[in-house]
Amino acid sequence: MKIMNCPLNGPRNISEFVYGGEVKTMPNHQTCSDKEWAEYVFYSDNTIRIITEWWYHAASGYWFIAERHTASDEILKTYDPSELFNQRVDFESKPELAEEQSV
Amino acid sequence: MPFSLLKYGLKNDYPFENDIDLPSPTELKRHYDVVIIGGGGHGVATAYYLAKYHGITNVAILEKGYLGGGNTARNTAVIRSNYLTSEGVKFYKESVDLFKGLSNEFDFNIMYSSRGQLTLAHTDATIRSFRQRTEVNTHFGGKTELIDPQQIKELVPTLNMNPADMPILAGLWHIDGATARHDAVAWGYAKGATQRGVELHQLTEVTDVIIENGKATGVKTNRGNVSCGCIVQAVAGHSSIVAAMAGIKMPITTYPLQAMVTQPVKPFLNPLVSSSALHCYVQQTGRGEMVFGGGSDPYPLYNTRSTLDLKESLLASAVEMFPFMANLKLMRQWAGITDMTSDYSPIMGLSPVENYYLDAGWGTWGFKSTPICGKTMAELVASGGKVPDLIAPFAMDRFDVFRQVNEMGATAASH
């Protein structure tokens, strides 16, 4: 069994975790173009290297970040998202902006 | 019995001495009209149809390893067309029809075996989707029926009708479902293509794509540079990496897909059987071995390693479906690298680079589309970039306009 080191629960079997996709910056969906949104949702470099990605420990409902090599499958580092996201991320929707665009 | 076989039986010497092998390797020319990157089923099929129907024979297939050594050799050789969308069904139906005639066309046995494919429903929701697939298939001329548990029992008497406490409620019986020898398909196409003048260069790795003024004009390889009129990329499993050489970013994520095979037993299972809820499909090969596989791995990876997790879950499901299989021994396991798109349909056609054509995103549905893919890609190349109607819905830019062709339910774990 492959073991992943959960920053909250310690070493656990990889089957307890769910892959959550690469860590990437979300464009502002109110202002970005369709192409930019498609890039964010569908497109990926998808190459052989170390990638930073979201993982979820299903049993404890905990999201964290892992650095993993996409060919050797070696997990180099796992850490709490607060190490990357040390400022408040604002997801506030701006309905007035959407209205302006639709007019 | 074919007449040629009878003649062979009466001869003293081996009659096919000069006929079975591919031509010996030659030097790379400096220029080709068409360069095909990837000598798998799709690449050689494209070359074959280019030569056969369009008279384009100044073609080089550049293969990093050996002929058909990638996913062509790693799939579980399922041929079917019982998909969900009109676009998908039309496309795969043409492929099934072409497969039927390949042995005759090649004068080489691809061991096409039409046994039917049975997909099991364990929930009402699945039955509803099966109804839709039946209608769409029938509409486009395929032979697909919705059958009840009694009919399933008669078709597959050894099947456990209550696997993992999920009773089988209905089945999608795809009469056109078939299997063939995957290697033979690649060999047949390669032989047909090279006989018509196409060059197959094995152990020839493309290391870069030469682009001038937004046009693809050649490739760099480990055996020198080659200029060309256009390039077809058909490299399943490493599509993103090869496309990146041409500066193209793709909507693909790459996952391993594992499969395995048991020791051979007496023939007992004619149809290919798959369960939508157990994520497992089982078939018996002509040699009597039981082949089974499931869905792709749970996270992306460029690696063909085996995992205990997947073996455990897949074997558990297989034994639930056919309990006596608990007594069989596993002989081999392997994995392929699958380029998954988010809508489970391929990416075919034009790319952002002129004269660079894409045949990618073949995830877990590549083998079954080999003939039609080769035929339509050849049409695309020969016409200088006029996309055939059949593959127009699979253009890469469908993702930019959110017009996906969703085959997820008809693909996952039923291959």
# chains A, B, ... in the order shown; residues from 1 in each chain; ligands from 1
call {"tool": "residues_around", "arguments": {"residues": "Pro27 in chain A", "least_positions_apart": "6", "cutoff": "8 Å", "atoms": "only C-alpha atoms", "output": "list in words"}}
result
Glu36, Trp37 and Tyr40 of chain A
call {"tool": "write_last_selection", "arguments": {"atoms": "C-alpha atoms", "output": "CSV table (one decimal), in the first residue's frame"}}
result
chain,number,residue,atom,x,y,z
A,36,GLU,CA,-9.6,32.1,-20.0
A,37,TRP,CA,-12.2,30.2,-18.0
A,40,TYR,CA,-8.6,27.3,-16.1
call {"tool": "residues_around", "arguments": {"residues": "Leu350 in chain B", "least_positions_apart": "5", "cutoff": "12 Å", "atoms": "only C-alpha atoms", "output": "VMD selection string"}}
result
chain B and resid 230 to 233 248 355 to 360 377 380 to 381 384 to 388 391 to 398
call {"tool": "closest_residue", "arguments": {"among": "B:Ile56, B:Ala234, B:Leu203, B:Met161", "to": "Asn222 in chain B", "atoms": "only C-alpha atoms"}}
result
B:Leu203
call {"tool": "interface_residues", "arguments": {"of": "chain B", "to": "chain A", "cutoff": "10 Å", "atoms": "only C-alpha atoms", "output": "CSV table (one decimal) with C-alpha atoms, in the first residue's frame"}}
result
chain,number,residue,atom,x,y,z
B,238,HIS,CA,2.0,11.3,-24.1
B,239,SER,CA,-0.1,13.7,-26.2
B,240,SER,CA,0.4,16.7,-23.9
B,241,ILE,CA,4.2,16.2,-23.9
B,242,VAL,CA,4.5,15.9,-27.7
B,243,ALA,CA,2.0,18.7,-28.3
B,244,ALA,CA,4.1,20.9,-26.0
B,248,ILE,CA,0.2,23.5,-27.9
B,249,LYS,CA,-1.4,23.2,-24.5
B,250,MET,CA,-4.1,20.5,-24.3
B,251,PRO,CA,-7.2,19.8,-22.3
B,252,ILE,CA,-5.9,16.4,-21.2
B,253,THR,CA,-4.9,14.8,-17.9
B,254,THR,CA,-2.9,11.6,-18.0
B,255,TYR,CA,-3.8,8.6,-15.8
B,298,PRO,CA,-7.7,7.7,-9.1
B,299,TYR,CA,-5.0,10.3,-9.7
B,300,PRO,CA,-2.8,11.5,-12.6
B,301,LEU,CA,0.5,9.8,-13.2
B,302,TYR,CA,3.0,9.0,-16.1
B,303,ASN,CA,3.8,5.5,-14.9
B,304,THR,CA,2.8,1.9,-15.7
B,305,ARG,CA,3.4,0.6,-12.2
B,307,THR,CA,-0.9,-1.0,-7.3
B,308,LEU,CA,-2.3,-3.4,-4.7
B,309,ASP,CA,-5.3,-1.1,-4.2
B,310,LEU,CA,-6.5,-1.5,-7.7
B,339,ASP,CA,-4.8,10.6,-21.9
B,341,THR,CA,-10.3,14.4,-21.6
B,342,SER,CA,-12.9,15.7,-19.2
B,343,ASP,CA,-15.8,14.6,-21.5
B,397,ASP,CA,-11.7,24.0,-29.4
B,398,ARG,CA,-15.0,22.5,-28.3
B,399,PHE,CA,-13.7,23.1,-24.8
B,400,ASP,CA,-13.2,26.8,-25.4
B,401,VAL,CA,-16.9,27.1,-26.3
B,402,PHE,CA,-18.1,24.6,-23.7
call {"tool": "atom_distance", "arguments": {"atom1": "CA of Ile50 in chain A", "atom2": "CA of Ser82 in chain A"}}
result
20.1 Å
call {"tool": "residues_around", "arguments": {"residues": "Gln117 in chain B", "least_positions_apart": "6", "cutoff": "12 Å", "atoms": "only C-alpha atoms", "output": "MDAnalysis selection string"}}
result
chainID B and resid 78:82 143:146 152 155:156 171:179 269:275 281:284 414:415
call {"tool": "residues_around", "arguments": {"residues": "range 335-338 of chain B", "least_positions_apart": "6", "cutoff": "6 Å", "atoms": "only C-alpha atoms", "output": "list in words"}}
result
Asn71, Arg74, Gly237, Thr254, Tyr255, Pro256, Leu257, Gln258, Thr304 and Gly363 of chain B
call {"tool": "select_by_dssp", "arguments": {"residues": "range 16-68 of chain A", "states": "strand (DSSP E or B)", "output": "ChimeraX atom specification"}}
result
/A:17-22,44,50-57,62-68
call {"tool": "write_last_selection", "arguments": {"atoms": "C-alpha atoms", "output": "mmCIF file, in the first residue's frame"}}
result
data_model
loop_
_atom_site.group_PDB
_atom_site.id
_atom_site.type_symbol
_atom_site.label_atom_id
_atom_site.label_comp_id
_atom_site.auth_asym_id
_atom_site.auth_seq_id
_atom_site.Cartn_x
_atom_site.Cartn_y
_atom_site.Cartn_z
ATOM 1 C CA PHE A 17 -7.310 10.355 0.127
ATOM 2 C CA VAL A 18 -9.015 11.974 -2.827
ATOM 3 C CA TYR A 19 -7.096 13.826 -5.523
ATOM 4 C CA GLY A 20 -8.274 17.424 -5.929
ATOM 5 C CA GLY A 21 -6.391 18.772 -8.954
ATOM 6 C CA GLU A 22 -3.476 21.077 -9.451
ATOM 7 C CA SER A 44 -3.260 21.699 -18.207
ATOM 8 C CA ILE A 50 6.884 17.909 -9.603
ATOM 9 C CA ILE A 51 3.410 19.401 -9.291
ATOM 10 C CA THR A 52 1.681 21.133 -6.410
ATOM 11 C CA GLU A 53 -1.785 19.721 -5.979
ATOM 12 C CA TRP A 54 -4.805 19.605 -3.711
ATOM 13 C CA TRP A 55 -5.559 16.428 -1.781
ATOM 14 C CA TYR A 56 -8.430 15.650 0.555
ATOM 15 C CA HIS A 57 -8.383 13.274 3.501
ATOM 16 C CA TYR A 62 -9.422 17.881 5.565
ATOM 17 C CA TRP A 63 -7.972 19.590 2.439
ATOM 18 C CA PHE A 64 -4.217 20.038 2.156
ATOM 19 C CA ILE A 65 -1.472 20.507 -0.417
ATOM 20 C CA ALA A 66 1.024 17.929 -1.652
ATOM 21 C CA GLU A 67 4.060 18.165 -3.903
ATOM 22 C CA ARG A 68 4.324 15.049 -6.012
#
call {"tool": "atom_distance", "arguments": {"atom1": "CA of Leu84 in chain B", "atom2": "CA of Arg133 in chain B"}}
result
5.0 Å
call {"tool": "decode", "arguments": {"residues": "range 2-99 of chain A", "atoms": "C-alpha atoms", "output": "short mmCIF file (atom, residue, chain, number, x, y, z; two decimals), in the first residue's frame"}}
result
data_model
loop_
_atom_site.label_atom_id
_atom_site.label_comp_id
_atom_site.auth_asym_id
_atom_site.auth_seq_id
_atom_site.Cartn_x
_atom_site.Cartn_y
_atom_site.Cartn_z
CA LYS A 2 1.17 3.49 -0.77
CA ILE A 3 1.33 5.76 2.24
CA MET A 4 0.67 9.50 2.19
CA ASN A 5 1.64 11.74 5.04
CA CYS A 6 -1.40 13.80 6.01
CA PRO A 7 -0.40 17.06 7.71
CA LEU A 8 -3.31 16.61 10.14
CA ASN A 9 -3.47 12.83 10.70
CA GLY A 10 0.05 11.60 9.97
CA PRO A 11 0.89 8.71 7.62
CA ARG A 12 -2.26 7.09 6.18
CA ASN A 13 -3.09 4.69 3.35
CA ILE A 14 -3.42 6.51 0.01
CA SER A 15 -6.88 5.00 -0.51
CA GLU A 16 -8.15 7.33 2.25
CA PHE A 17 -7.31 10.36 0.13
CA VAL A 18 -9.02 11.97 -2.83
CA TYR A 19 -7.10 13.83 -5.52
CA GLY A 20 -8.27 17.42 -5.93
CA GLY A 21 -6.39 18.77 -8.95
CA GLU A 22 -3.48 21.08 -9.45
CA VAL A 23 -3.17 24.25 -7.38
CA LYS A 24 -3.78 27.11 -9.81
CA THR A 25 -5.09 30.63 -9.59
CA MET A 26 -8.73 31.04 -10.48
CA PRO A 27 -9.39 33.89 -12.87
CA ASN A 28 -12.14 36.30 -11.94
CA HIS A 29 -15.18 34.64 -13.47
CA GLN A 30 -17.00 37.97 -13.64
CA THR A 31 -14.45 39.59 -15.89
CA CYS A 32 -12.46 36.84 -17.64
CA SER A 33 -13.13 35.69 -21.19
CA ASP A 34 -14.62 32.28 -22.06
CA LYS A 35 -11.20 31.19 -23.28
CA GLU A 36 -9.55 32.14 -19.98
CA TRP A 37 -12.21 30.25 -18.04
CA ALA A 38 -11.83 27.19 -20.32
CA GLU A 39 -8.06 27.36 -19.79
CA TYR A 40 -8.61 27.30 -16.05
CA VAL A 41 -11.18 24.52 -16.08
CA PHE A 42 -9.92 22.14 -18.81
CA TYR A 43 -6.38 22.86 -19.95
CA SER A 44 -3.26 21.70 -18.21
CA ASP A 45 0.48 21.44 -18.85
CA ASN A 46 0.07 17.79 -17.86
CA THR A 47 3.77 17.08 -18.11
CA ILE A 48 6.39 15.10 -16.21
CA ARG A 49 7.57 17.18 -13.26
CA ILE A 50 6.88 17.91 -9.60
CA ILE A 51 3.41 19.40 -9.29
CA THR A 52 1.68 21.13 -6.41
CA GLU A 53 -1.79 19.72 -5.98
CA TRP A 54 -4.80 19.61 -3.71
CA TRP A 55 -5.56 16.43 -1.78
CA TYR A 56 -8.43 15.65 0.55
CA HIS A 57 -8.38 13.27 3.50
CA ALA A 58 -11.88 11.87 3.14
CA ALA A 59 -12.12 10.34 6.60
CA SER A 60 -11.48 13.63 8.41
CA GLY A 61 -12.74 16.06 5.76
CA TYR A 62 -9.42 17.88 5.56
CA TRP A 63 -7.97 19.59 2.44
CA PHE A 64 -4.22 20.04 2.16
CA ILE A 65 -1.47 20.51 -0.42
CA ALA A 66 1.02 17.93 -1.65
CA GLU A 67 4.06 18.17 -3.90
CA ARG A 68 4.32 15.05 -6.01
CA HIS A 69 6.36 13.91 -9.03
CA THR A 70 4.10 12.89 -11.93
CA ALA A 71 6.33 10.06 -13.17
CA SER A 72 7.93 8.53 -10.07
CA ASP A 73 4.78 9.13 -7.95
CA GLU A 74 7.07 10.21 -5.11
CA ILE A 75 5.33 12.48 -2.62
CA LEU A 76 7.97 15.00 -1.61
CA LYS A 77 6.06 17.23 0.75
CA THR A 78 2.60 17.65 2.24
CA TYR A 79 1.49 20.72 4.13
CA ASP A 80 -1.47 22.71 5.38
CA PRO A 81 -2.91 25.15 2.79
CA SER A 82 -2.27 28.03 5.21
CA GLU A 83 1.39 27.86 4.15
CA LEU A 84 0.42 28.97 0.64
CA PHE A 85 -2.74 30.88 1.37
CA ASN A 86 -1.76 33.21 4.17
CA GLN A 87 -4.16 35.93 3.12
CA ARG A 88 -7.91 35.91 2.84
CA VAL A 89 -9.04 34.79 -0.65
CA ASP A 90 -12.06 36.81 -1.65
CA PHE A 91 -14.68 34.82 -3.57
CA GLU A 92 -17.32 37.48 -3.15
CA SER A 93 -19.72 37.56 -6.07
CA LYS A 94 -20.46 40.92 -7.58
CA PRO A 95 -23.96 40.81 -9.04
CA GLU A 96 -23.86 44.48 -10.05
CA LEU A 97 -20.90 43.73 -12.32
CA ALA A 98 -22.73 40.85 -14.02
CA GLU A 99 -25.74 43.09 -14.61
#
